[in-house]
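Okay, structure first, notes after.
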Amino acid sequence: MNSLLLTPDGSSFSHVTCWVFDLDNTLYPSDCNLFDQIDVRMRDFISGYFDIDNEQARHLQKTYFHKHGTTLNGLMREHNVTPDDFLDYVHDIDVSPVAPNPQLAQAISMLPGQKFIFTNGSHAHAEKVAGRLGVLDMFDAIYDIQEANYLPKPDPQTYQRLLQRHKIDARKAAMFEDISRNLVEPHALGMVTVLVHSQKKWGTEPGGANSIFHSENEDHVHHRADDLTSFLNDMIKTLDIETLG
């Protein structure tokens with residue numbers, strides 16, 4: 001259920017003039033299983049790079065995700081893997097499972113102020129997916145892992161770099177994410193935080209559980225959204241923004 005109630009610290013959206021959205025499993029619903037393709041290709045890249053079987057590769061993939069924020073960051077830090085080779089390989093996927101979403105595009109277009117995509121993926125991947133969704137033209141810029149100098153969320157430095165690069169006042173910004181831990185730093189910076197529901201637990205081994213990623217009681221999460229489009233439409237009503245059509 002979408003949650004638009006004020007939190008104890010009074011967080012709402014009336015002051016927000018900058019809107020920051022994660023890409024994968026946030027702008028599109030996780031149940032389309034697009035990221036499954038990326039997840040498998042990360043495993044396959046590791047398997048081929050180290051000449052190990054899929055089970056060993058999967059374990060290494062998730063270990064680095066936990067330890068370093070992203071699998072890529074772990075591969076770079078511990079094995080000097082060339083990042084663009086990894087990104088080109090894992091993002092060579094079919095984006096047709098993502099359905100165009102004109103209702104989402106309209107909702108985003110009505111948000112007052114600037115809008116950004118902030119992704120641990122590549123710029124090319126973000127363009128391809130956002131283009132498929134039909135929302136690419138709604139955004140002022142894409143802040144991708146290359147622009148972040150390959151320093152991924154949730155590292156605090158990458159949020160600071162985003163704010164400085166695009167002259168964003170965190171106290172007038174909102175961030176939408178499907179991974180809870182990636183909202184800890186935005187909350188600390190004074191941003192309004194929205195956790196978008198995902199059926200996927202990318203930080204866990206199959207059958208596992210990890211409260212770092214999805215916990216029910218988290219002070220750094222101001223709002224929860226089961227469905228991003230309906231959440232934005234409900235929010236727009238509270239802002240008294242004139243609807244289109």
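All residue names refer to the structure tokens as shown: chains lettered A, B, ... in order, residues numbered from 1 in each chain, ligands numbered from 1 in order.
Contact shell of Arg41 (chain A) at 9 Å (only C-alpha atoms; same-chain neighbours under 4 positions omitted): Asp36, Gln37, Phe45, Ile46, Tyr89, Val90, His91, Asp92 and Ile93 of chain A.
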Just write the chosen residues, C-alpha atoms, as a CSV table (one decimal), in the first residue's frame.
chain,number,residue,atom,x,y,z
A,36,ASP,CA,17.3,-11.2,-13.9
A,37,GLN,CA,19.1,-10.9,-17.2
A,45,PHE,CA,31.1,-12.8,-16.6
A,46,ILE,CA,32.7,-13.8,-13.3
A,89,TYR,CA,28.8,-7.4,-21.0
A,90,VAL,CA,26.2,-7.3,-18.2
A,91,HIS,CA,24.1,-4.7,-19.9
A,92,ASP,CA,23.9,-6.5,-23.3
A,93,ILE,CA,20.3,-7.6,-22.6
Tell me, as a PDB file with N, CA and C atoms, in the first residue's frame, which residues lie within 12 Å of region 230-239 of chain A, counting only C-alpha atoms; anything in the same chain fewer than 6 positions away does not count.
ATOM      1  N   MET A   1       0.843  -1.199   0.000  1.00  0.00           N
ATOM      2  CA  MET A   1       0.000   0.000   0.000  1.00  0.00           C
ATOM      3  C   MET A   1       0.875   1.244   0.000  1.00  0.00           C
ATOM      4  N   ASN A   2       0.576   2.181  -0.864  1.00  0.00           N
ATOM      5  CA  ASN A   2       1.336   3.414  -0.904  1.00  0.00           C
ATOM      6  C   ASN A   2       1.161   4.188   0.385  1.00  0.00           C
ATOM      7  N   SER A   3       2.245   4.812   0.842  1.00  0.00           N
ATOM      8  CA  SER A   3       2.219   5.564   2.090  1.00  0.00           C
ATOM      9  C   SER A   3       2.605   7.004   1.823  1.00  0.00           C
ATOM     10  N   LEU A   4       1.647   7.906   2.019  1.00  0.00           N
ATOM     11  CA  LEU A   4       1.903   9.328   1.828  1.00  0.00           C
ATOM     12  C   LEU A   4       1.734  10.092   3.134  1.00  0.00           C
ATOM     13  N   LEU A   5       1.677   9.385   4.231  1.00  0.00           N
ATOM     14  CA  LEU A   5       1.520  10.057   5.514  1.00  0.00           C
ATOM     15  C   LEU A   5       2.811  10.768   5.898  1.00  0.00           C
ATOM     16  N   LEU A   6       2.671  11.857   6.656  1.00  0.00           N
ATOM     17  CA  LEU A   6       3.849  12.545   7.158  1.00  0.00           C
ATOM     18  C   LEU A   6       4.554  11.659   8.171  1.00  0.00           C
ATOM     19  N   SER A  12       7.408  15.775   3.907  1.00  0.00           N
ATOM     20  CA  SER A  12       6.416  15.721   2.845  1.00  0.00           C
ATOM     21  C   SER A  12       7.112  16.164   1.569  1.00  0.00           C
ATOM     22  N   PHE A  13       6.352  16.494   0.546  1.00  0.00           N
ATOM     23  CA  PHE A  13       6.958  16.831  -0.743  1.00  0.00           C
ATOM     24  C   PHE A  13       6.711  18.276  -1.151  1.00  0.00           C
ATOM     25  N   SER A  14       6.084  19.070  -0.299  1.00  0.00           N
ATOM     26  CA  SER A  14       5.683  20.422  -0.699  1.00  0.00           C
ATOM     27  C   SER A  14       6.879  21.322  -1.004  1.00  0.00           C
ATOM     28  N   HIS A  15       8.041  21.019  -0.425  1.00  0.00           N
ATOM     29  CA  HIS A  15       9.227  21.861  -0.611  1.00  0.00           C
ATOM     30  C   HIS A  15      10.169  21.322  -1.678  1.00  0.00           C
ATOM     31  N   VAL A  16       9.857  20.165  -2.268  1.00  0.00           N
ATOM     32  CA  VAL A  16      10.798  19.481  -3.154  1.00  0.00           C
ATOM     33  C   VAL A  16      10.834  20.123  -4.536  1.00  0.00           C
ATOM     34  N   THR A  17      12.040  20.427  -4.997  1.00  0.00           N
ATOM     35  CA  THR A  17      12.240  20.998  -6.331  1.00  0.00           C
ATOM     36  C   THR A  17      13.227  20.165  -7.154  1.00  0.00           C
ATOM     37  N   TRP A  19      14.021  15.897  -8.065  1.00  0.00           N
ATOM     38  CA  TRP A  19      13.520  14.532  -7.931  1.00  0.00           C
ATOM     39  C   TRP A  19      14.548  13.567  -8.496  1.00  0.00           C
ATOM     40  N   PHE A  21      15.694   9.605  -9.115  1.00  0.00           N
ATOM     41  CA  PHE A  21      15.152   8.260  -9.237  1.00  0.00           C
ATOM     42  C   PHE A  21      16.254   7.255  -9.550  1.00  0.00           C
ATOM     43  N   LEU A  27      12.169   2.583 -11.533  1.00  0.00           N
ATOM     44  CA  LEU A  27      11.367   3.205 -12.588  1.00  0.00           C
ATOM     45  C   LEU A  27      10.493   2.174 -13.302  1.00  0.00           C
ATOM     46  N   ASN A 101       5.389   2.977 -20.412  1.00  0.00           N
ATOM     47  CA  ASN A 101       4.490   3.429 -19.344  1.00  0.00           C
ATOM     48  C   ASN A 101       4.187   4.919 -19.515  1.00  0.00           C
ATOM     49  N   GLN A 103       1.686   6.602 -18.522  1.00  0.00           N
ATOM     50  CA  GLN A 103       1.149   7.200 -17.297  1.00  0.00           C
ATOM     51  C   GLN A 103       2.284   7.643 -16.373  1.00  0.00           C
ATOM     52  N   LEU A 104       3.339   6.841 -16.297  1.00  0.00           N
ATOM     53  CA  LEU A 104       4.501   7.231 -15.498  1.00  0.00           C
ATOM     54  C   LEU A 104       5.185   8.448 -16.100  1.00  0.00           C
ATOM     55  N   ALA A 105       5.317   8.466 -17.417  1.00  0.00           N
ATOM     56  CA  ALA A 105       5.938   9.608 -18.086  1.00  0.00           C
ATOM     57  C   ALA A 105       5.169  10.888 -17.790  1.00  0.00           C
ATOM     58  N   GLN A 106       3.838  10.813 -17.837  1.00  0.00           N
ATOM     59  CA  GLN A 106       3.034  11.998 -17.549  1.00  0.00           C
ATOM     60  C   GLN A 106       3.219  12.450 -16.110  1.00  0.00           C
ATOM     61  N   ALA A 107       3.227  11.489 -15.181  1.00  0.00           N
ATOM     62  CA  ALA A 107       3.389  11.843 -13.771  1.00  0.00           C
ATOM     63  C   ALA A 107       4.740  12.511 -13.526  1.00  0.00           C
ATOM     64  N   ILE A 108       5.801  11.961 -14.098  1.00  0.00           N
ATOM     65  CA  ILE A 108       7.128  12.539 -13.906  1.00  0.00           C
ATOM     66  C   ILE A 108       7.199  13.926 -14.529  1.00  0.00           C
ATOM     67  N   SER A 109       6.573  14.087 -15.686  1.00  0.00           N
ATOM     68  CA  SER A 109       6.614  15.392 -16.359  1.00  0.00           C
ATOM     69  C   SER A 109       5.946  16.484 -15.527  1.00  0.00           C
ATOM     70  N   MET A 110       5.016  16.107 -14.664  1.00  0.00           N
ATOM     71  CA  MET A 110       4.269  17.077 -13.860  1.00  0.00           C
ATOM     72  C   MET A 110       4.983  17.456 -12.567  1.00  0.00           C
ATOM     73  N   LEU A 111       6.045  16.753 -12.229  1.00  0.00           N
ATOM     74  CA  LEU A 111       6.769  17.082 -11.002  1.00  0.00           C
ATOM     75  C   LEU A 111       7.481  18.418 -11.171  1.00  0.00           C
ATOM     76  N   PRO A 112       7.349  19.324 -10.205  1.00  0.00           N
ATOM     77  CA  PRO A 112       7.984  20.634 -10.335  1.00  0.00           C
ATOM     78  C   PRO A 112       9.486  20.569 -10.096  1.00  0.00           C
ATOM     79  N   ALA A 174      14.117  14.862  -3.283  1.00  0.00           N
ATOM     80  CA  ALA A 174      13.535  13.574  -2.891  1.00  0.00           C
ATOM     81  C   ALA A 174      14.212  12.480  -3.691  1.00  0.00           C
ATOM     82  N   PHE A 176      14.042   8.259  -4.798  1.00  0.00           N
ATOM     83  CA  PHE A 176      13.239   7.054  -4.929  1.00  0.00           C
ATOM     84  C   PHE A 176      14.175   5.883  -5.215  1.00  0.00           C
ATOM     85  N   VAL A 194      11.954   7.704  -0.478  1.00  0.00           N
ATOM     86  CA  VAL A 194      10.841   6.834  -0.838  1.00  0.00           C
ATOM     87  C   VAL A 194      11.397   5.461  -1.216  1.00  0.00           C
ATOM     88  N   LEU A 195      10.965   4.427  -0.514  1.00  0.00           N
ATOM     89  CA  LEU A 195      11.356   3.058  -0.824  1.00  0.00           C
ATOM     90  C   LEU A 195      10.292   2.450  -1.727  1.00  0.00           C
ATOM     91  N   VAL A 196      10.689   2.128  -2.950  1.00  0.00           N
ATOM     92  CA  VAL A 196       9.781   1.544  -3.926  1.00  0.00           C
ATOM     93  C   VAL A 196       9.814   0.026  -3.776  1.00  0.00           C
ATOM     94  N   HIS A 197       8.660  -0.570  -3.620  1.00  0.00           N
ATOM     95  CA  HIS A 197       8.584  -2.007  -3.375  1.00  0.00           C
ATOM     96  C   HIS A 197       9.191  -2.794  -4.526  1.00  0.00           C
ATOM     97  N   HIS A 223       8.728   7.296   3.137  1.00  0.00           N
ATOM     98  CA  HIS A 223       7.525   6.843   2.432  1.00  0.00           C
ATOM     99  C   HIS A 223       7.814   5.521   1.733  1.00  0.00           C
ATOM    100  N   ARG A 224       6.764   4.740   1.532  1.00  0.00           N
ATOM    101  CA  ARG A 224       6.859   3.482   0.805  1.00  0.00           C
ATOM    102  C   ARG A 224       5.859   3.486  -0.346  1.00  0.00           C
TER     103      ARG A 224
END
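Here the strand (DSSP E or B) residues in region 2-141 of chain A, by DSSP on the backbone, are Cys18, Trp19, Val20, Phe21, Gln114, Lys115, Phe116, Ile117, Phe118 and Ala141 of chain A.
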Next, the residues of the selection above should be written as a PDB file, in the first residue's frame with N, CA and C atoms.
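In the end it all went to selection.pdb:
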ATOM      1  N   CYS A  18      13.654  19.030  -6.602  1.00  0.00           N
ATOM      2  CA  CYS A  18      14.561  18.138  -7.328  1.00  0.00           C
ATOM      3  C   CYS A  18      14.169  16.694  -7.012  1.00  0.00           C
ATOM      4  N   TRP A  19      14.021  15.897  -8.065  1.00  0.00           N
ATOM      5  CA  TRP A  19      13.520  14.532  -7.931  1.00  0.00           C
ATOM      6  C   TRP A  19      14.548  13.567  -8.496  1.00  0.00           C
ATOM      7  N   VAL A  20      15.029  12.654  -7.654  1.00  0.00           N
ATOM      8  CA  VAL A  20      16.106  11.738  -8.026  1.00  0.00           C
ATOM      9  C   VAL A  20      15.561  10.307  -7.992  1.00  0.00           C
ATOM     10  N   PHE A  21      15.694   9.605  -9.115  1.00  0.00           N
ATOM     11  CA  PHE A  21      15.152   8.260  -9.237  1.00  0.00           C
ATOM     12  C   PHE A  21      16.254   7.255  -9.550  1.00  0.00           C
ATOM     13  N   GLN A 114      13.691  19.963 -11.242  1.00  0.00           N
ATOM     14  CA  GLN A 114      14.569  19.094 -12.009  1.00  0.00           C
ATOM     15  C   GLN A 114      14.369  17.627 -11.649  1.00  0.00           C
ATOM     16  N   LYS A 115      14.703  16.760 -12.616  1.00  0.00           N
ATOM     17  CA  LYS A 115      14.586  15.319 -12.394  1.00  0.00           C
ATOM     18  C   LYS A 115      15.857  14.634 -12.905  1.00  0.00           C
ATOM     19  N   PHE A 116      16.325  13.671 -12.134  1.00  0.00           N
ATOM     20  CA  PHE A 116      17.550  12.961 -12.476  1.00  0.00           C
ATOM     21  C   PHE A 116      17.361  11.453 -12.302  1.00  0.00           C
ATOM     22  N   ILE A 117      18.048  10.684 -13.147  1.00  0.00           N
ATOM     23  CA  ILE A 117      18.225   9.257 -12.919  1.00  0.00           C
ATOM     24  C   ILE A 117      19.590   9.065 -12.279  1.00  0.00           C
ATOM     25  N   PHE A 118      19.631   8.331 -11.182  1.00  0.00           N
ATOM     26  CA  PHE A 118      20.860   8.076 -10.432  1.00  0.00           C
ATOM     27  C   PHE A 118      21.018   6.561 -10.346  1.00  0.00           C
ATOM     28  N   ALA A 141      19.031  14.869 -16.582  1.00  0.00           N
ATOM     29  CA  ALA A 141      20.342  14.234 -16.731  1.00  0.00           C
ATOM     30  C   ALA A 141      20.310  12.840 -16.132  1.00  0.00           C
TER      31      ALA A 141
END
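Among the candidate residues A:Arg77, A:His222, A:Arg58, A:Arg165, the one lying nearest to Asp44 (chain A) is A:Arg58, with distances computed using only C-alpha atoms.
Relative to CA of Arg161 (chain A), CA of Asp84 (chain A) is found at 20.3 Å.
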So which bits of chain A end up alpha helix (DSSP H) when you DSSP the backbone, as a short mmCIF file (atom, residue, chain, number, x, y, z; two decimals) with N, CA and C atoms, in the first residue's frame?
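The result, stored in part-v6.cif:
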data_model
loop_
_atom_site.label_atom_id
_atom_site.label_comp_id
_atom_site.auth_asym_id
_atom_site.auth_seq_id
_atom_site.Cartn_x
_atom_site.Cartn_y
_atom_site.Cartn_z
N LEU A 34 13.45 -7.87 -15.69
CA LEU A 34 14.55 -7.40 -16.54
C LEU A 34 15.90 -7.61 -15.86
N PHE A 35 15.95 -7.29 -14.57
CA PHE A 35 17.25 -7.37 -13.88
C PHE A 35 17.72 -8.81 -13.71
N ASP A 36 16.83 -9.78 -13.87
CA ASP A 36 17.25 -11.17 -13.85
C ASP A 36 18.33 -11.42 -14.92
N GLN A 37 18.13 -10.78 -16.08
CA GLN A 37 19.11 -10.95 -17.16
C GLN A 37 20.47 -10.40 -16.75
N ILE A 38 20.48 -9.23 -16.12
CA ILE A 38 21.73 -8.62 -15.68
C ILE A 38 22.38 -9.48 -14.61
N ASP A 39 21.56 -9.97 -13.69
CA ASP A 39 22.07 -10.79 -12.61
C ASP A 39 22.77 -12.04 -13.14
N VAL A 40 22.17 -12.69 -14.12
CA VAL A 40 22.76 -13.89 -14.72
C VAL A 40 24.03 -13.54 -15.48
N ARG A 41 24.01 -12.41 -16.19
CA ARG A 41 25.19 -12.04 -16.97
C ARG A 41 26.35 -11.62 -16.07
N MET A 42 26.08 -11.07 -14.90
CA MET A 42 27.15 -10.81 -13.93
C MET A 42 27.79 -12.12 -13.49
N ARG A 43 26.94 -13.09 -13.19
CA ARG A 43 27.46 -14.41 -12.81
C ARG A 43 28.30 -15.01 -13.93
N ASP A 44 27.80 -14.93 -15.16
CA ASP A 44 28.50 -15.53 -16.29
C ASP A 44 29.84 -14.82 -16.56
N PHE A 45 29.85 -13.49 -16.40
CA PHE A 45 31.10 -12.75 -16.59
C PHE A 45 32.16 -13.25 -15.59
N ILE A 46 31.75 -13.37 -14.34
CA ILE A 46 32.68 -13.82 -13.29
C ILE A 46 33.13 -15.25 -13.55
N SER A 47 32.20 -16.11 -13.95
CA SER A 47 32.54 -17.50 -14.25
C SER A 47 33.60 -17.58 -15.35
N GLY A 48 33.41 -16.80 -16.42
CA GLY A 48 34.37 -16.81 -17.51
C GLY A 48 35.68 -16.15 -17.15
N TYR A 49 35.62 -15.06 -16.41
CA TYR A 49 36.83 -14.31 -16.06
C TYR A 49 37.77 -15.13 -15.19
N PHE A 50 37.20 -15.86 -14.22
CA PHE A 50 38.01 -16.62 -13.28
C PHE A 50 38.06 -18.11 -13.60
N ASN A 54 29.39 -21.96 -12.09
CA ASN A 54 28.35 -20.98 -11.82
C ASN A 54 28.08 -20.79 -10.34
N GLU A 55 28.14 -21.85 -9.56
CA GLU A 55 27.89 -21.75 -8.13
C GLU A 55 28.96 -20.91 -7.44
N GLN A 56 30.21 -21.13 -7.78
CA GLN A 56 31.30 -20.33 -7.22
C GLN A 56 31.19 -18.87 -7.67
N ALA A 57 30.83 -18.69 -8.94
CA ALA A 57 30.70 -17.34 -9.47
C ALA A 57 29.58 -16.58 -8.78
N ARG A 58 28.45 -17.24 -8.54
CA ARG A 58 27.32 -16.61 -7.85
C ARG A 58 27.72 -16.20 -6.43
N HIS A 59 28.43 -17.07 -5.74
CA HIS A 59 28.86 -16.74 -4.38
C HIS A 59 29.78 -15.52 -4.39
N LEU A 60 30.72 -15.47 -5.32
CA LEU A 60 31.63 -14.33 -5.41
C LEU A 60 30.88 -13.06 -5.76
N GLN A 61 29.93 -13.17 -6.67
CA GLN A 61 29.12 -12.03 -7.09
C GLN A 61 28.40 -11.40 -5.91
N LYS A 62 27.72 -12.21 -5.11
CA LYS A 62 26.95 -11.68 -3.99
C LYS A 62 27.85 -11.23 -2.84
N THR A 63 28.97 -11.90 -2.66
CA THR A 63 29.92 -11.48 -1.63
C THR A 63 30.42 -10.08 -1.91
N TYR A 64 30.78 -9.80 -3.16
CA TYR A 64 31.27 -8.48 -3.52
C TYR A 64 30.17 -7.43 -3.44
N PHE A 65 28.94 -7.84 -3.76
CA PHE A 65 27.81 -6.90 -3.66
C PHE A 65 27.63 -6.44 -2.22
N HIS A 66 27.70 -7.37 -1.29
CA HIS A 66 27.57 -7.03 0.14
C HIS A 66 28.75 -6.19 0.62
N LYS A 67 29.93 -6.58 0.24
CA LYS A 67 31.16 -5.99 0.79
C LYS A 67 31.47 -4.63 0.19
N HIS A 68 31.18 -4.46 -1.10
CA HIS A 68 31.65 -3.28 -1.82
C HIS A 68 30.52 -2.41 -2.42
N THR A 71 28.80 -5.52 -7.30
CA THR A 71 29.72 -6.57 -7.73
C THR A 71 30.89 -5.97 -8.49
N LEU A 72 30.61 -5.00 -9.36
CA LEU A 72 31.66 -4.36 -10.14
C LEU A 72 32.71 -3.72 -9.24
N ASN A 73 32.28 -3.01 -8.22
CA ASN A 73 33.22 -2.34 -7.33
C ASN A 73 34.17 -3.36 -6.68
N GLY A 74 33.63 -4.51 -6.28
CA GLY A 74 34.47 -5.55 -5.71
C GLY A 74 35.46 -6.10 -6.72
N LEU A 75 35.00 -6.32 -7.94
CA LEU A 75 35.91 -6.84 -8.98
C LEU A 75 37.01 -5.83 -9.29
N MET A 76 36.68 -4.55 -9.29
CA MET A 76 37.68 -3.52 -9.56
C MET A 76 38.70 -3.43 -8.41
N ARG A 77 38.21 -3.41 -7.18
CA ARG A 77 39.07 -3.24 -6.03
C ARG A 77 39.97 -4.45 -5.77
N GLU A 78 39.42 -5.63 -5.95
CA GLU A 78 40.16 -6.83 -5.56
C GLU A 78 40.86 -7.53 -6.72
N HIS A 79 40.44 -7.21 -7.98
CA HIS A 79 41.02 -7.92 -9.12
C HIS A 79 41.37 -7.01 -10.28
N PRO A 83 36.31 -1.80 -15.78
CA PRO A 83 34.87 -1.62 -15.57
C PRO A 83 34.04 -1.61 -16.83
N ASP A 84 34.53 -0.98 -17.89
CA ASP A 84 33.71 -0.89 -19.10
C ASP A 84 33.49 -2.25 -19.74
N ASP A 85 34.49 -3.15 -19.63
CA ASP A 85 34.30 -4.50 -20.16
C ASP A 85 33.15 -5.20 -19.43
N PHE A 86 33.13 -5.05 -18.12
CA PHE A 86 32.08 -5.65 -17.30
C PHE A 86 30.72 -5.05 -17.64
N LEU A 87 30.65 -3.72 -17.68
CA LEU A 87 29.37 -3.05 -17.92
C LEU A 87 28.82 -3.37 -19.31
N ASP A 88 29.69 -3.39 -20.31
CA ASP A 88 29.24 -3.70 -21.66
C ASP A 88 28.67 -5.11 -21.72
N TYR A 89 29.29 -6.03 -21.00
CA TYR A 89 28.83 -7.42 -21.03
C TYR A 89 27.51 -7.58 -20.29
N VAL A 90 27.41 -7.07 -19.07
CA VAL A 90 26.22 -7.35 -18.25
C VAL A 90 25.00 -6.58 -18.73
N PRO A 102 3.25 5.25 -20.41
CA PRO A 102 2.94 6.68 -20.63
C PRO A 102 2.36 7.35 -19.39
N GLN A 103 1.69 6.60 -18.52
CA GLN A 103 1.15 7.20 -17.30
C GLN A 103 2.28 7.64 -16.37
N LEU A 104 3.34 6.84 -16.30
CA LEU A 104 4.50 7.23 -15.50
C LEU A 104 5.19 8.45 -16.10
N ALA A 105 5.32 8.47 -17.42
CA ALA A 105 5.94 9.61 -18.09
C ALA A 105 5.17 10.89 -17.79
N GLN A 106 3.84 10.81 -17.84
CA GLN A 106 3.03 12.00 -17.55
C GLN A 106 3.22 12.45 -16.11
N ALA A 107 3.23 11.49 -15.18
CA ALA A 107 3.39 11.84 -13.77
C ALA A 107 4.74 12.51 -13.53
N ILE A 108 5.80 11.96 -14.10
CA ILE A 108 7.13 12.54 -13.91
C ILE A 108 7.20 13.93 -14.53
N SER A 109 6.57 14.09 -15.69
CA SER A 109 6.61 15.39 -16.36
C SER A 109 5.95 16.48 -15.53
N HIS A 123 25.43 4.64 -18.38
CA HIS A 123 24.59 5.64 -19.05
C HIS A 123 23.83 5.01 -20.20
N ALA A 124 24.52 4.15 -20.97
CA ALA A 124 23.88 3.52 -22.13
C ALA A 124 22.72 2.64 -21.68
N HIS A 125 22.89 1.91 -20.59
CA HIS A 125 21.82 1.06 -20.07
C HIS A 125 20.64 1.91 -19.62
N ALA A 126 20.92 3.00 -18.92
CA ALA A 126 19.85 3.88 -18.44
C ALA A 126 19.08 4.49 -19.60
N GLU A 127 19.79 4.92 -20.63
CA GLU A 127 19.13 5.49 -21.81
C GLU A 127 18.23 4.46 -22.48
N LYS A 128 18.74 3.23 -22.60
CA LYS A 128 17.97 2.19 -23.29
C LYS A 128 16.70 1.84 -22.53
N VAL A 129 16.83 1.69 -21.21
CA VAL A 129 15.67 1.30 -20.40
C VAL A 129 14.67 2.45 -20.29
N ALA A 130 15.18 3.65 -20.00
CA ALA A 130 14.28 4.81 -19.88
C ALA A 130 13.61 5.12 -21.21
N GLY A 131 14.33 4.89 -22.30
CA GLY A 131 13.73 5.08 -23.62
C GLY A 131 12.61 4.09 -23.87
N ARG A 132 12.82 2.84 -23.47
CA ARG A 132 11.79 1.82 -23.62
C ARG A 132 10.56 2.16 -22.79
N LEU A 133 10.78 2.67 -21.58
CA LEU A 133 9.67 3.07 -20.71
C LEU A 133 8.92 4.27 -21.28
N PRO A 156 28.78 7.21 0.66
CA PRO A 156 28.37 8.62 0.85
C PRO A 156 29.00 9.57 -0.16
N GLN A 157 30.21 9.27 -0.61
CA GLN A 157 30.90 10.19 -1.53
C GLN A 157 30.18 10.32 -2.86
N THR A 158 29.52 9.25 -3.30
CA THR A 158 28.88 9.33 -4.61
C THR A 158 27.63 10.22 -4.57
N TYR A 159 26.96 10.28 -3.42
CA TYR A 159 25.82 11.20 -3.28
C TYR A 159 26.31 12.65 -3.26
N GLN A 160 27.42 12.88 -2.55
CA GLN A 160 27.98 14.23 -2.51
C GLN A 160 28.40 14.68 -3.91
N ARG A 161 28.97 13.77 -4.67
CA ARG A 161 29.39 14.10 -6.04
C ARG A 161 28.19 14.44 -6.91
N LEU A 162 27.09 13.69 -6.74
CA LEU A 162 25.86 13.99 -7.48
C LEU A 162 25.37 15.39 -7.15
N LEU A 163 25.29 15.71 -5.86
CA LEU A 163 24.78 17.01 -5.43
C LEU A 163 25.65 18.15 -5.97
N GLN A 164 26.96 17.98 -5.89
CA GLN A 164 27.88 19.02 -6.35
C GLN A 164 27.85 19.16 -7.87
N ARG A 165 27.83 18.03 -8.55
CA ARG A 165 27.87 18.03 -10.01
C ARG A 165 26.67 18.76 -10.61
N VAL A 184 19.90 5.43 3.10
CA VAL A 184 20.44 5.87 4.39
C VAL A 184 21.14 7.22 4.26
N GLU A 185 22.02 7.34 3.29
CA GLU A 185 22.75 8.59 3.11
C GLU A 185 21.86 9.73 2.63
N PRO A 186 20.95 9.52 1.67
CA PRO A 186 20.03 10.61 1.32
C PRO A 186 19.25 11.13 2.52
N HIS A 187 18.79 10.25 3.38
CA HIS A 187 18.09 10.68 4.59
C HIS A 187 19.01 11.53 5.47
N ALA A 188 20.25 11.10 5.63
CA ALA A 188 21.20 11.85 6.45
C ALA A 188 21.48 13.23 5.87
N LEU A 189 21.40 13.35 4.54
CA LEU A 189 21.65 14.63 3.88
C LEU A 189 20.45 15.56 3.92
N LEU A 228 5.02 2.81 -8.31
CA LEU A 228 5.58 4.15 -8.45
C LEU A 228 4.60 5.10 -9.14
N THR A 229 3.95 4.66 -10.20
CA THR A 229 3.05 5.55 -10.94
C THR A 229 1.91 6.03 -10.07
N SER A 230 1.25 5.11 -9.37
CA SER A 230 0.12 5.51 -8.53
C SER A 230 0.60 6.35 -7.35
N PHE A 231 1.78 6.05 -6.83
CA PHE A 231 2.33 6.86 -5.74
C PHE A 231 2.53 8.30 -6.19
N LEU A 232 3.14 8.47 -7.36
CA LEU A 232 3.37 9.83 -7.87
C LEU A 232 2.06 10.55 -8.14
N ASN A 233 1.10 9.85 -8.69
CA ASN A 233 -0.20 10.49 -8.95
C ASN A 233 -0.88 10.92 -7.65
N ASP A 234 -0.81 10.08 -6.63
CA ASP A 234 -1.37 10.45 -5.33
C ASP A 234 -0.64 11.65 -4.74
N MET A 235 0.68 11.65 -4.89
CA MET A 235 1.48 12.74 -4.36
C MET A 235 1.18 14.05 -5.07
N ILE A 236 1.05 13.97 -6.40
CA ILE A 236 0.75 15.17 -7.20
C ILE A 236 -0.55 15.82 -6.73
N LYS A 237 -1.52 15.00 -6.35
CA LYS A 237 -2.78 15.54 -5.84
C LYS A 237 -2.56 16.35 -4.56
N THR A 238 -1.65 15.88 -3.72
CA THR A 238 -1.38 16.60 -2.47
C THR A 238 -0.65 17.91 -2.72
#
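Atom pair CA of Phe139 (chain A) / CA of Asp22 (chain A) has a distance of 12.1 Å (rounded to one decimal).
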